[in-house]
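Coordinates from coords_13.pdb are shown below (PDB, C-alpha atoms and all ligand atoms).
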ATOM      1  CA  MET A  77       0.000   0.000   0.000  1.00  0.00           C
ATOM      2  CA  GLY A  78       3.132   2.198   0.441  1.00  0.00           C
ATOM      3  CA  GLU A  79       2.160   5.837   0.084  1.00  0.00           C
ATOM      4  CA  THR A  80      -1.475   5.674   1.144  1.00  0.00           C
ATOM      5  CA  LYS A  81      -2.547   9.201   2.087  1.00  0.00           C
ATOM      6  CA  ILE A  82      -4.702   9.095   5.185  1.00  0.00           C
ATOM      7  CA  THR A  83      -6.532  12.102   6.590  1.00  0.00           C
ATOM      8  CA  PHE A  84      -8.545  12.460   9.785  1.00  0.00           C
ATOM      9  CA  ARG A  85     -11.665  14.552  10.320  1.00  0.00           C
ATOM     10  CA  SER A  86     -15.021  14.719  12.108  1.00  0.00           C
ATOM     11  CA  TRP A  87     -17.606  12.541  10.446  1.00  0.00           C
ATOM     12  CA  GLY A  88     -20.621  13.750   8.492  1.00  0.00           C
ATOM     13  CA  LYS A  89     -23.903  12.428   7.174  1.00  0.00           C
ATOM     14  CA  ASN A  90     -22.184  11.496   3.927  1.00  0.00           C
ATOM     15  CA  ASP A  91     -20.184   8.884   5.870  1.00  0.00           C
ATOM     16  CA  PHE A  92     -23.191   6.900   7.137  1.00  0.00           C
ATOM     17  CA  GLU A  93     -23.169   4.335   4.355  1.00  0.00           C
ATOM     18  CA  GLN A  94     -19.423   3.767   4.553  1.00  0.00           C
ATOM     19  CA  VAL A  95     -19.524   3.561   8.378  1.00  0.00           C
ATOM     20  CA  ILE A  96     -22.019   0.700   8.090  1.00  0.00           C
ATOM     21  CA  LYS A  97     -19.657  -0.999   5.634  1.00  0.00           C
ATOM     22  CA  ILE A  98     -16.679  -0.530   7.989  1.00  0.00           C
ATOM     23  CA  LEU A  99     -18.666  -2.028  10.867  1.00  0.00           C
ATOM     24  CA  HIS A 100     -19.931  -4.900   8.759  1.00  0.00           C
ATOM     25  CA  GLU A 101     -16.498  -5.899   7.450  1.00  0.00           C
ATOM     26  CA  SER A 102     -14.478  -5.335  10.601  1.00  0.00           C
ATOM     27  CA  TRP A 103     -17.050  -7.114  12.815  1.00  0.00           C
ATOM     28  CA  ASP A 104     -17.060 -10.014  10.426  1.00  0.00           C
ATOM     29  CA  LYS A 105     -13.304 -10.337  10.718  1.00  0.00           C
ATOM     30  CA  ALA A 106     -13.069  -9.705  14.467  1.00  0.00           C
ATOM     31  CA  TYR A 107     -16.171 -11.492  15.774  1.00  0.00           C
ATOM     32  CA  ALA A 108     -17.321 -14.173  13.322  1.00  0.00           C
ATOM     33  CA  SER A 109     -15.206 -16.864  15.015  1.00  0.00           C
ATOM     34  CA  PHE A 110     -17.259 -16.578  18.226  1.00  0.00           C
ATOM     35  CA  ILE A 111     -20.548 -14.864  17.270  1.00  0.00           C
ATOM     36  CA  PRO A 112     -22.852 -16.365  14.610  1.00  0.00           C
ATOM     37  CA  LYS A 113     -23.198 -14.135  11.545  1.00  0.00           C
ATOM     38  CA  GLU A 114     -26.956 -13.881  11.946  1.00  0.00           C
ATOM     39  CA  ASP A 115     -26.494 -12.358  15.421  1.00  0.00           C
ATOM     40  CA  LEU A 116     -23.884  -9.930  14.104  1.00  0.00           C
ATOM     41  CA  THR A 117     -26.149  -8.862  11.255  1.00  0.00           C
ATOM     42  CA  PHE A 118     -29.171  -8.559  13.534  1.00  0.00           C
ATOM     43  CA  TYR A 119     -27.277  -6.391  16.027  1.00  0.00           C
ATOM     44  CA  LEU A 120     -25.675  -4.276  13.320  1.00  0.00           C
ATOM     45  CA  ASN A 121     -28.975  -3.596  11.525  1.00  0.00           C
ATOM     46  CA  GLN A 122     -30.666  -2.773  14.803  1.00  0.00           C
ATOM     47  CA  THR A 123     -27.935  -0.583  16.295  1.00  0.00           C
ATOM     48  CA  TYR A 124     -26.376   1.136  13.305  1.00  0.00           C
ATOM     49  CA  ASN A 125     -29.084   1.768  10.727  1.00  0.00           C
ATOM     50  CA  THR A 126     -29.231   5.229   9.099  1.00  0.00           C
ATOM     51  CA  GLU A 127     -31.866   6.411  11.554  1.00  0.00           C
ATOM     52  CA  LYS A 128     -29.679   5.463  14.559  1.00  0.00           C
ATOM     53  CA  LEU A 129     -26.614   7.026  12.965  1.00  0.00           C
ATOM     54  CA  ASP A 130     -28.596  10.211  12.423  1.00  0.00           C
ATOM     55  CA  LYS A 131     -29.546  10.219  16.122  1.00  0.00           C
ATOM     56  CA  LEU A 132     -25.909   9.679  17.029  1.00  0.00           C
ATOM     57  CA  PHE A 133     -24.903  12.529  14.740  1.00  0.00           C
ATOM     58  CA  LYS A 134     -27.234  14.867  16.658  1.00  0.00           C
ATOM     59  CA  ASN A 135     -26.210  13.627  20.118  1.00  0.00           C
ATOM     60  CA  VAL A 136     -24.285  16.412  21.857  1.00  0.00           C
ATOM     61  CA  ASN A 137     -22.491  13.897  24.102  1.00  0.00           C
ATOM     62  CA  ALA A 138     -21.109  11.832  21.221  1.00  0.00           C
ATOM     63  CA  PHE A 139     -18.171  12.708  18.975  1.00  0.00           C
ATOM     64  CA  CYS A 140     -17.313  10.697  15.890  1.00  0.00           C
ATOM     65  CA  PHE A 141     -14.330  10.855  13.560  1.00  0.00           C
ATOM     66  CA  ALA A 142     -13.383   9.294  10.253  1.00  0.00           C
ATOM     67  CA  ALA A 143     -10.049   8.254   8.770  1.00  0.00           C
ATOM     68  CA  GLU A 144     -10.266   8.925   5.071  1.00  0.00           C
ATOM     69  CA  VAL A 145      -8.439   7.497   2.061  1.00  0.00           C
ATOM     70  CA  GLU A 146      -9.219   8.693  -1.461  1.00  0.00           C
ATOM     71  CA  GLY A 147     -12.409  10.451  -0.395  1.00  0.00           C
ATOM     72  CA  LYS A 148     -13.828   7.475   1.516  1.00  0.00           C
ATOM     73  CA  ALA A 149     -13.954   6.692   5.223  1.00  0.00           C
ATOM     74  CA  VAL A 150     -11.858   3.594   5.990  1.00  0.00           C
ATOM     75  CA  GLY A 151     -11.834   3.962   9.776  1.00  0.00           C
ATOM     76  CA  TRP A 152     -14.387   5.163  12.298  1.00  0.00           C
ATOM     77  CA  LEU A 153     -14.090   6.357  15.896  1.00  0.00           C
ATOM     78  CA  LYS A 154     -16.993   6.942  18.258  1.00  0.00           C
ATOM     79  CA  LEU A 155     -16.474   8.736  21.566  1.00  0.00           C
ATOM     80  CA  SER A 156     -19.130   9.440  24.156  1.00  0.00           C
ATOM     81  CA  ILE A 157     -19.623  11.027  27.522  1.00  0.00           C
ATOM     82  CA  ASN A 158     -21.672   8.999  29.980  1.00  0.00           C
ATOM     83  CA  LYS A 159     -23.216  11.678  32.179  1.00  0.00           C
ATOM     84  CA  GLU A 160     -24.450   9.296  34.915  1.00  0.00           C
ATOM     85  CA  GLU A 161     -21.065   7.673  35.364  1.00  0.00           C
ATOM     86  CA  ASN A 162     -19.163  10.861  34.566  1.00  0.00           C
ATOM     87  CA  ARG A 163     -16.926   8.800  32.296  1.00  0.00           C
ATOM     88  CA  PHE A 164     -15.503   9.477  28.863  1.00  0.00           C
ATOM     89  CA  TYR A 165     -15.728   6.359  26.676  1.00  0.00           C
ATOM     90  CA  LEU A 166     -14.013   5.345  23.513  1.00  0.00           C
ATOM     91  CA  SER A 167     -17.104   3.398  22.462  1.00  0.00           C
ATOM     92  CA  SER A 168     -16.085   2.233  18.982  1.00  0.00           C
ATOM     93  CA  ILE A 169     -12.915   2.042  16.933  1.00  0.00           C
ATOM     94  CA  TYR A 170     -12.998   0.153  13.649  1.00  0.00           C
ATOM     95  CA  VAL A 171     -10.745   0.090  10.615  1.00  0.00           C
ATOM     96  CA  LEU A 172     -11.603  -1.692   7.353  1.00  0.00           C
ATOM     97  CA  PRO A 173      -9.642  -4.992   7.319  1.00  0.00           C
ATOM     98  CA  GLU A 174      -7.506  -4.062   4.282  1.00  0.00           C
ATOM     99  CA  PHE A 175      -6.452  -0.809   6.013  1.00  0.00           C
ATOM    100  CA  GLN A 176      -5.564  -2.318   9.393  1.00  0.00           C
ATOM    101  CA  LYS A 177      -1.983  -2.180  10.735  1.00  0.00           C
ATOM    102  CA  LEU A 178      -1.260   1.106   8.939  1.00  0.00           C
ATOM    103  CA  LYS A 179      -1.349   3.104  12.212  1.00  0.00           C
ATOM    104  CA  ILE A 180      -4.851   4.382  11.480  1.00  0.00           C
ATOM    105  CA  GLY A 181      -6.112   2.930  14.760  1.00  0.00           C
ATOM    106  CA  ARG A 182      -3.223   4.519  16.660  1.00  0.00           C
ATOM    107  CA  GLN A 183      -3.974   7.932  15.179  1.00  0.00           C
ATOM    108  CA  LEU A 184      -7.686   7.594  15.936  1.00  0.00           C
ATOM    109  CA  MET A 185      -6.676   6.676  19.498  1.00  0.00           C
ATOM    110  CA  ASP A 186      -4.667   9.909  19.724  1.00  0.00           C
ATOM    111  CA  ILE A 187      -7.761  11.840  18.598  1.00  0.00           C
ATOM    112  CA  ALA A 188      -9.687  10.070  21.388  1.00  0.00           C
ATOM    113  CA  PHE A 189      -7.102  11.118  24.011  1.00  0.00           C
ATOM    114  CA  ALA A 190      -7.059  14.714  22.775  1.00  0.00           C
ATOM    115  CA  THR A 191     -10.869  14.942  22.693  1.00  0.00           C
ATOM    116  CA  ALA A 192     -11.198  13.472  26.204  1.00  0.00           C
ATOM    117  CA  LYS A 193      -8.740  16.057  27.557  1.00  0.00           C
ATOM    118  CA  GLU A 194     -10.439  18.859  25.661  1.00  0.00           C
ATOM    119  CA  LYS A 195     -13.743  17.862  27.330  1.00  0.00           C
ATOM    120  CA  GLY A 196     -12.073  17.978  30.754  1.00  0.00           C
ATOM    121  CA  PHE A 197     -11.537  14.245  31.461  1.00  0.00           C
ATOM    122  CA  SER A 198      -8.346  12.817  32.921  1.00  0.00           C
ATOM    123  CA  GLU A 199      -9.010   9.218  31.954  1.00  0.00           C
ATOM    124  CA  ILE A 200     -10.609   7.312  29.109  1.00  0.00           C
ATOM    125  CA  TRP A 201     -12.723   4.134  29.314  1.00  0.00           C
ATOM    126  CA  ILE A 202     -13.143   1.358  26.806  1.00  0.00           C
ATOM    127  CA  GLY A 203     -15.120  -1.889  26.436  1.00  0.00           C
ATOM    128  CA  VAL A 204     -13.896  -4.936  24.550  1.00  0.00           C
ATOM    129  CA  MET A 205     -15.151  -8.507  24.208  1.00  0.00           C
ATOM    130  CA  ASP A 206     -12.834 -10.879  26.057  1.00  0.00           C
ATOM    131  CA  LYS A 207     -12.607 -13.112  22.973  1.00  0.00           C
ATOM    132  CA  ASN A 208     -11.451 -10.216  20.791  1.00  0.00           C
ATOM    133  CA  THR A 209      -7.873 -10.946  21.801  1.00  0.00           C
ATOM    134  CA  ASN A 210      -6.386  -8.868  18.975  1.00  0.00           C
ATOM    135  CA  ALA A 211      -8.032  -5.639  20.056  1.00  0.00           C
ATOM    136  CA  LEU A 212      -7.492  -6.504  23.745  1.00  0.00           C
ATOM    137  CA  GLY A 213      -3.750  -6.965  23.152  1.00  0.00           C
ATOM    138  CA  TRP A 214      -3.671  -3.754  21.158  1.00  0.00           C
ATOM    139  CA  TYR A 215      -5.371  -1.777  23.958  1.00  0.00           C
ATOM    140  CA  GLU A 216      -3.081  -3.283  26.606  1.00  0.00           C
ATOM    141  CA  LYS A 217      -0.056  -2.306  24.561  1.00  0.00           C
ATOM    142  CA  ILE A 218      -1.388   1.263  24.510  1.00  0.00           C
ATOM    143  CA  GLY A 219      -1.673   1.157  28.315  1.00  0.00           C
ATOM    144  CA  PHE A 220      -5.288   0.263  29.110  1.00  0.00           C
ATOM    145  CA  ILE A 221      -5.908  -1.722  32.281  1.00  0.00           C
ATOM    146  CA  PHE A 222      -8.937  -4.048  32.387  1.00  0.00           C
ATOM    147  CA  GLU A 223     -10.520  -4.551  35.809  1.00  0.00           C
ATOM    148  CA  GLU A 224     -14.292  -4.745  35.233  1.00  0.00           C
ATOM    149  CA  GLU A 225     -16.300  -7.352  33.370  1.00  0.00           C
ATOM    150  CA  LEU A 226     -19.918  -7.195  32.205  1.00  0.00           C
ATOM    151  CA  PRO A 227     -22.090  -9.470  30.050  1.00  0.00           C
ATOM    152  CA  PHE A 228     -23.014  -8.082  26.628  1.00  0.00           C
ATOM    153  CA  ARG A 229     -25.671  -9.385  24.246  1.00  0.00           C
ATOM    154  CA  MET A 230     -25.497  -9.477  20.475  1.00  0.00           C
ATOM    155  CA  GLY A 231     -28.670 -11.025  19.110  1.00  0.00           C
ATOM    156  CA  ASN A 232     -28.944 -14.447  20.781  1.00  0.00           C
ATOM    157  CA  THR A 233     -25.309 -14.578  21.815  1.00  0.00           C
ATOM    158  CA  GLU A 234     -24.059 -13.387  25.188  1.00  0.00           C
ATOM    159  CA  VAL A 235     -20.387 -12.541  25.470  1.00  0.00           C
ATOM    160  CA  GLN A 236     -18.210 -11.117  28.213  1.00  0.00           C
ATOM    161  CA  HIS A 237     -17.200  -7.517  27.866  1.00  0.00           C
ATOM    162  CA  LEU A 238     -14.069  -6.291  29.616  1.00  0.00           C
ATOM    163  CA  ILE A 239     -14.083  -2.668  30.712  1.00  0.00           C
ATOM    164  CA  GLY A 240     -10.731  -0.919  30.803  1.00  0.00           C
ATOM    165  CA  ARG A 241      -9.329   2.487  31.493  1.00  0.00           C
ATOM    166  CA  LYS A 242      -6.265   4.534  30.879  1.00  0.00           C
ATOM    167  CA  LYS A 243      -5.148   7.658  32.694  1.00  0.00           C
ATOM    168  CA  LEU A 244      -4.355  10.528  30.389  1.00  0.00           C
ATOM    169  CA  LEU A 245      -1.111  12.384  30.886  1.00  0.00           C
TER     170      LEU A 245
HETATM  171  C1  LIG B 301      -7.995  -2.790  16.628  1.00  0.00           C
HETATM  172  C2  LIG B 301      -7.818  -1.799  15.484  1.00  0.00           C
HETATM  173  C3  LIG B 301      -8.740  -0.619  15.703  1.00  0.00           C
HETATM  174  C4  LIG B 301      -6.362  -1.334  15.465  1.00  0.00           C
HETATM  175  O1  LIG B 301      -6.181  -0.410  14.426  1.00  0.00           O
HETATM  176  P1  LIG B 301      -4.979  -0.588  13.367  1.00  0.00           P
HETATM  177  O2  LIG B 301      -4.991   0.609  12.500  1.00  0.00           O
HETATM  178  O3  LIG B 301      -5.100  -1.907  12.713  1.00  0.00           O
HETATM  179  O4  LIG B 301      -3.708  -0.620  14.323  1.00  0.00           O
HETATM  180  P2  LIG B 301      -2.394   0.276  14.234  1.00  0.00           P
HETATM  181  O5  LIG B 301      -1.809   0.069  12.887  1.00  0.00           O
HETATM  182  O6  LIG B 301      -2.649   1.655  14.646  1.00  0.00           O
HETATM  183  O7  LIG B 301      -1.548  -0.408  15.381  1.00  0.00           O
HETATM  184  C5  LIG B 301      -0.389  -1.000  15.056  1.00  0.00           C
HETATM  185  C6  LIG B 301       0.434  -1.321  16.282  1.00  0.00           C
HETATM  186  O8  LIG B 301      -0.287  -2.169  17.187  1.00  0.00           O
HETATM  187  C7  LIG B 301       0.413  -3.422  17.264  1.00  0.00           C
HETATM  188  N1  LIG B 301      -0.569  -4.482  17.438  1.00  0.00           N
HETATM  189  C8  LIG B 301      -1.515  -4.857  16.578  1.00  0.00           C
HETATM  190  N2  LIG B 301      -2.218  -5.882  17.100  1.00  0.00           N
HETATM  191  C9  LIG B 301      -1.707  -6.126  18.318  1.00  0.00           C
HETATM  192  C10 LIG B 301      -1.995  -7.066  19.356  1.00  0.00           C
HETATM  193  N3  LIG B 301      -2.958  -7.972  19.220  1.00  0.00           N
HETATM  194  N4  LIG B 301      -1.265  -7.002  20.482  1.00  0.00           N
HETATM  195  C11 LIG B 301      -0.286  -6.110  20.629  1.00  0.00           C
HETATM  196  N5  LIG B 301       0.047  -5.229  19.679  1.00  0.00           N
HETATM  197  C12 LIG B 301      -0.669  -5.221  18.538  1.00  0.00           C
HETATM  198  C13 LIG B 301       1.163  -3.536  15.973  1.00  0.00           C
HETATM  199  O9  LIG B 301       2.220  -4.433  16.092  1.00  0.00           O
HETATM  200  C14 LIG B 301       1.647  -2.089  15.810  1.00  0.00           C
HETATM  201  O10 LIG B 301       2.713  -1.813  16.700  1.00  0.00           O
HETATM  202  P3  LIG B 301       3.876  -0.767  16.312  1.00  0.00           P
HETATM  203  O11 LIG B 301       3.217   0.580  16.332  1.00  0.00           O
HETATM  204  O12 LIG B 301       4.863  -0.935  17.401  1.00  0.00           O
HETATM  205  O13 LIG B 301       4.348  -1.165  14.971  1.00  0.00           O
HETATM  206  C15 LIG B 301      -8.129  -2.448  14.103  1.00  0.00           C
HETATM  207  O14 LIG B 301      -7.213  -3.475  13.858  1.00  0.00           O
HETATM  208  C16 LIG B 301      -9.523  -2.973  13.960  1.00  0.00           C
HETATM  209  O15 LIG B 301     -10.426  -2.275  13.487  1.00  0.00           O
HETATM  210  N6  LIG B 301      -9.742  -4.247  14.342  1.00  0.00           N
HETATM  211  C17 LIG B 301     -10.997  -4.922  14.142  1.00  0.00           C
HETATM  212  C18 LIG B 301     -12.110  -4.327  14.903  1.00  0.00           C
HETATM  213  C19 LIG B 301     -11.935  -4.298  16.391  1.00  0.00           C
HETATM  214  O16 LIG B 301     -11.658  -5.307  16.992  1.00  0.00           O
HETATM  215  N7  LIG B 301     -12.113  -3.111  16.966  1.00  0.00           N
HETATM  216  C20 LIG B 301     -12.076  -2.909  18.372  1.00  0.00           C
HETATM  217  C21 LIG B 301     -13.357  -3.307  18.966  1.00  0.00           C
HETATM  218  S1  LIG B 301     -13.401  -3.159  20.729  1.00  0.00           S
END
For the file at hand, write its structure as structure tokens.
Ligand SMILES: CC(C)(COP(=O)(O)OP(=O)(O)OC[C@H]1O[C@@H](n2cnc3c(N)ncnc32)[C@H](O)[C@@H]1OP(=O)(O)O)[C@@H](O)C(=O)NCCC(=O)NCCS
Amino acid sequence: MGETKITFRSWGKNDFEQVIKILHESWDKAYASFIPKEDLTFYLNQTYNTEKLDKLFKNVNAFCFAAEVEGKAVGWLKLSINKEENRFYLSSIYVLPEFQKLKIGRQLMDIAFATAKEKGFSEIWIGVMDKNTNALGWYEKIGFIFEEELPFRMGNTEVQHLIGRKKLL
């Protein structure tokens, strides 16, 4: 891929279709070995249809960013403030499989840290399925510590979700 030019920006309504594609393809790669495809598709269609993305777009406590290559989003980052918990979450980070390992995730992570600080938070929280060992290892390498565990349901499948945090410098 060599000289791929990657840019980073806030997302827009024009990204909705591509965001769904990113989720579809990266979930398939990351989760299909432990979650049946029908559950993945059911959850994706229910949680990330255009109507839900539009709601997310209007949510003042959510901040989303896109990594773009040749005019198309290839990576997506969703950040959110949970008012009840007073926590800043990195709630989603997904890169299209063919664009993984190009440091796009790392740069999206830096946007997450900067946004959390800008909003006045000194730590950032994250959730990851325990069986998603790739992402878990990646987060641990970045310095996240996982101490909480909660069940999480995708369609008919229940998985364990590890909750981690990292202090921001
Ligand atoms: C996880 C993900 C966001 C990472 O983004 P990425 O752009 O592929 O990763 P980057 O290129 O920024 O990271 C590369 C670095 O992480 C390291 N790395 C990658 N996987 C790793 C792992 N399992 N354990 C430790 N280090 C890992 C690489 O060796 C590289 O290190 P280097 O900087 O020293 O060379 C991306 O791979 C992805 O979308 N995965 C599928 C979806 C997913 O699981 N998302 C998270 C859901 S909770």
Applying the PyMOL selection byres (((chain A and resi 151-161) around 10) and not hetatm) to the file I just gave you, which residues come out? Please list them as a PyMOL selection string. chain A and resi 82+84-87+91+94-96+98-99+102+132+135-145+148-150+162-173+175-176+180-181+184-185+187-189+191-192+195+197+200-202
Edge lengths and centre in Å to one decimal, as JSON, of the axis-aligned box that encloses all listed atoms of ligand LIG 301 (chain B) with 3 Å added on every side?
{"center_x": -4.3, "center_y": -3.2, "center_z": 16.6, "size_x": 24.3, "size_y": 15.6, "size_z": 14.2}
If you count only C-alpha atoms, the residue of A:His100, A:Val204, A:Lys134, A:Gly147 closest to A:Tyr119 turns out to be A:His100
Expand the PyMOL selection byres (((chain A and resi 237) around 6) and not hetatm) into the explicit residue set it covers here, and present it as a list in words.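 On this input, the PyMOL selection byres (((chain A and resi 237) around 6) and not hetatm) captures Val204, Met205, Asp206, Glu225, Leu226, Pro227, Phe228, Gln236 and Leu238 of chain A.
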Could you pull the residues within 12 Å of A:Ile221, counting all atoms listed in the file, minus those fewer than 3 positions along the same chain, as a PDB file with C-alpha atoms, keeping the file's coordinate frame?
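Saved result, around_30.pdb, follows:
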ATOM      1  CA  GLU A 199      -9.010   9.218  31.954  1.00  0.00           C
ATOM      2  CA  ILE A 200     -10.609   7.312  29.109  1.00  0.00           C
ATOM      3  CA  TRP A 201     -12.723   4.134  29.314  1.00  0.00           C
ATOM      4  CA  ILE A 202     -13.143   1.358  26.806  1.00  0.00           C
ATOM      5  CA  GLY A 203     -15.120  -1.889  26.436  1.00  0.00           C
ATOM      6  CA  VAL A 204     -13.896  -4.936  24.550  1.00  0.00           C
ATOM      7  CA  LEU A 212      -7.492  -6.504  23.745  1.00  0.00           C
ATOM      8  CA  GLY A 213      -3.750  -6.965  23.152  1.00  0.00           C
ATOM      9  CA  TRP A 214      -3.671  -3.754  21.158  1.00  0.00           C
ATOM     10  CA  TYR A 215      -5.371  -1.777  23.958  1.00  0.00           C
ATOM     11  CA  GLU A 216      -3.081  -3.283  26.606  1.00  0.00           C
ATOM     12  CA  LYS A 217      -0.056  -2.306  24.561  1.00  0.00           C
ATOM     13  CA  ILE A 218      -1.388   1.263  24.510  1.00  0.00           C
ATOM     14  CA  GLU A 224     -14.292  -4.745  35.233  1.00  0.00           C
ATOM     15  CA  GLU A 225     -16.300  -7.352  33.370  1.00  0.00           C
ATOM     16  CA  LEU A 238     -14.069  -6.291  29.616  1.00  0.00           C
ATOM     17  CA  ILE A 239     -14.083  -2.668  30.712  1.00  0.00           C
ATOM     18  CA  GLY A 240     -10.731  -0.919  30.803  1.00  0.00           C
ATOM     19  CA  ARG A 241      -9.329   2.487  31.493  1.00  0.00           C
ATOM     20  CA  LYS A 242      -6.265   4.534  30.879  1.00  0.00           C
ATOM     21  CA  LYS A 243      -5.148   7.658  32.694  1.00  0.00           C
TER      22      LYS A 243
END
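The interatomic distance for the pair atom O10 of ligand LIG 301 (chain B) and atom CA of A:Asn208 works out to 17.0 Å.
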Just the number, please: distance in Å from atom P1 of ligand LIG 301 (chain B) to atom CA of A:Lys179, one decimal.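 Between these atoms lies a distance of 5.3 Å.
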Could you check the closest approach to A:Arg229 for each of A:Leu116, A:Arg182, A:Lys131, A:Leu244 and tell me which residue wins, using only C-alpha atoms?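 The answer is A:Leu116, which sits nearest to A:Arg229.
Take the candidates A:Glu79, A:Asn121, A:Val235, A:Leu178 and check each one against ligand LIG 301 (chain B) using only C-alpha atoms and all ligand atoms; the shortest distance goes to A:Leu178.
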Between atom CA of A:Ser198 and atom C21 of ligand LIG 301 (chain B), what is the distance, to one decimal in Å?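 Spanning atom CA of A:Ser198 to atom C21 of ligand LIG 301 (chain B) is a straight-line distance of 21.9 Å.
Compared by their closest atoms to A:Glu234, and using all atoms listed in the file, the residues A:Lys207, A:Trp103, A:Asn90, A:Lys193 rank with A:Lys207 nearest.
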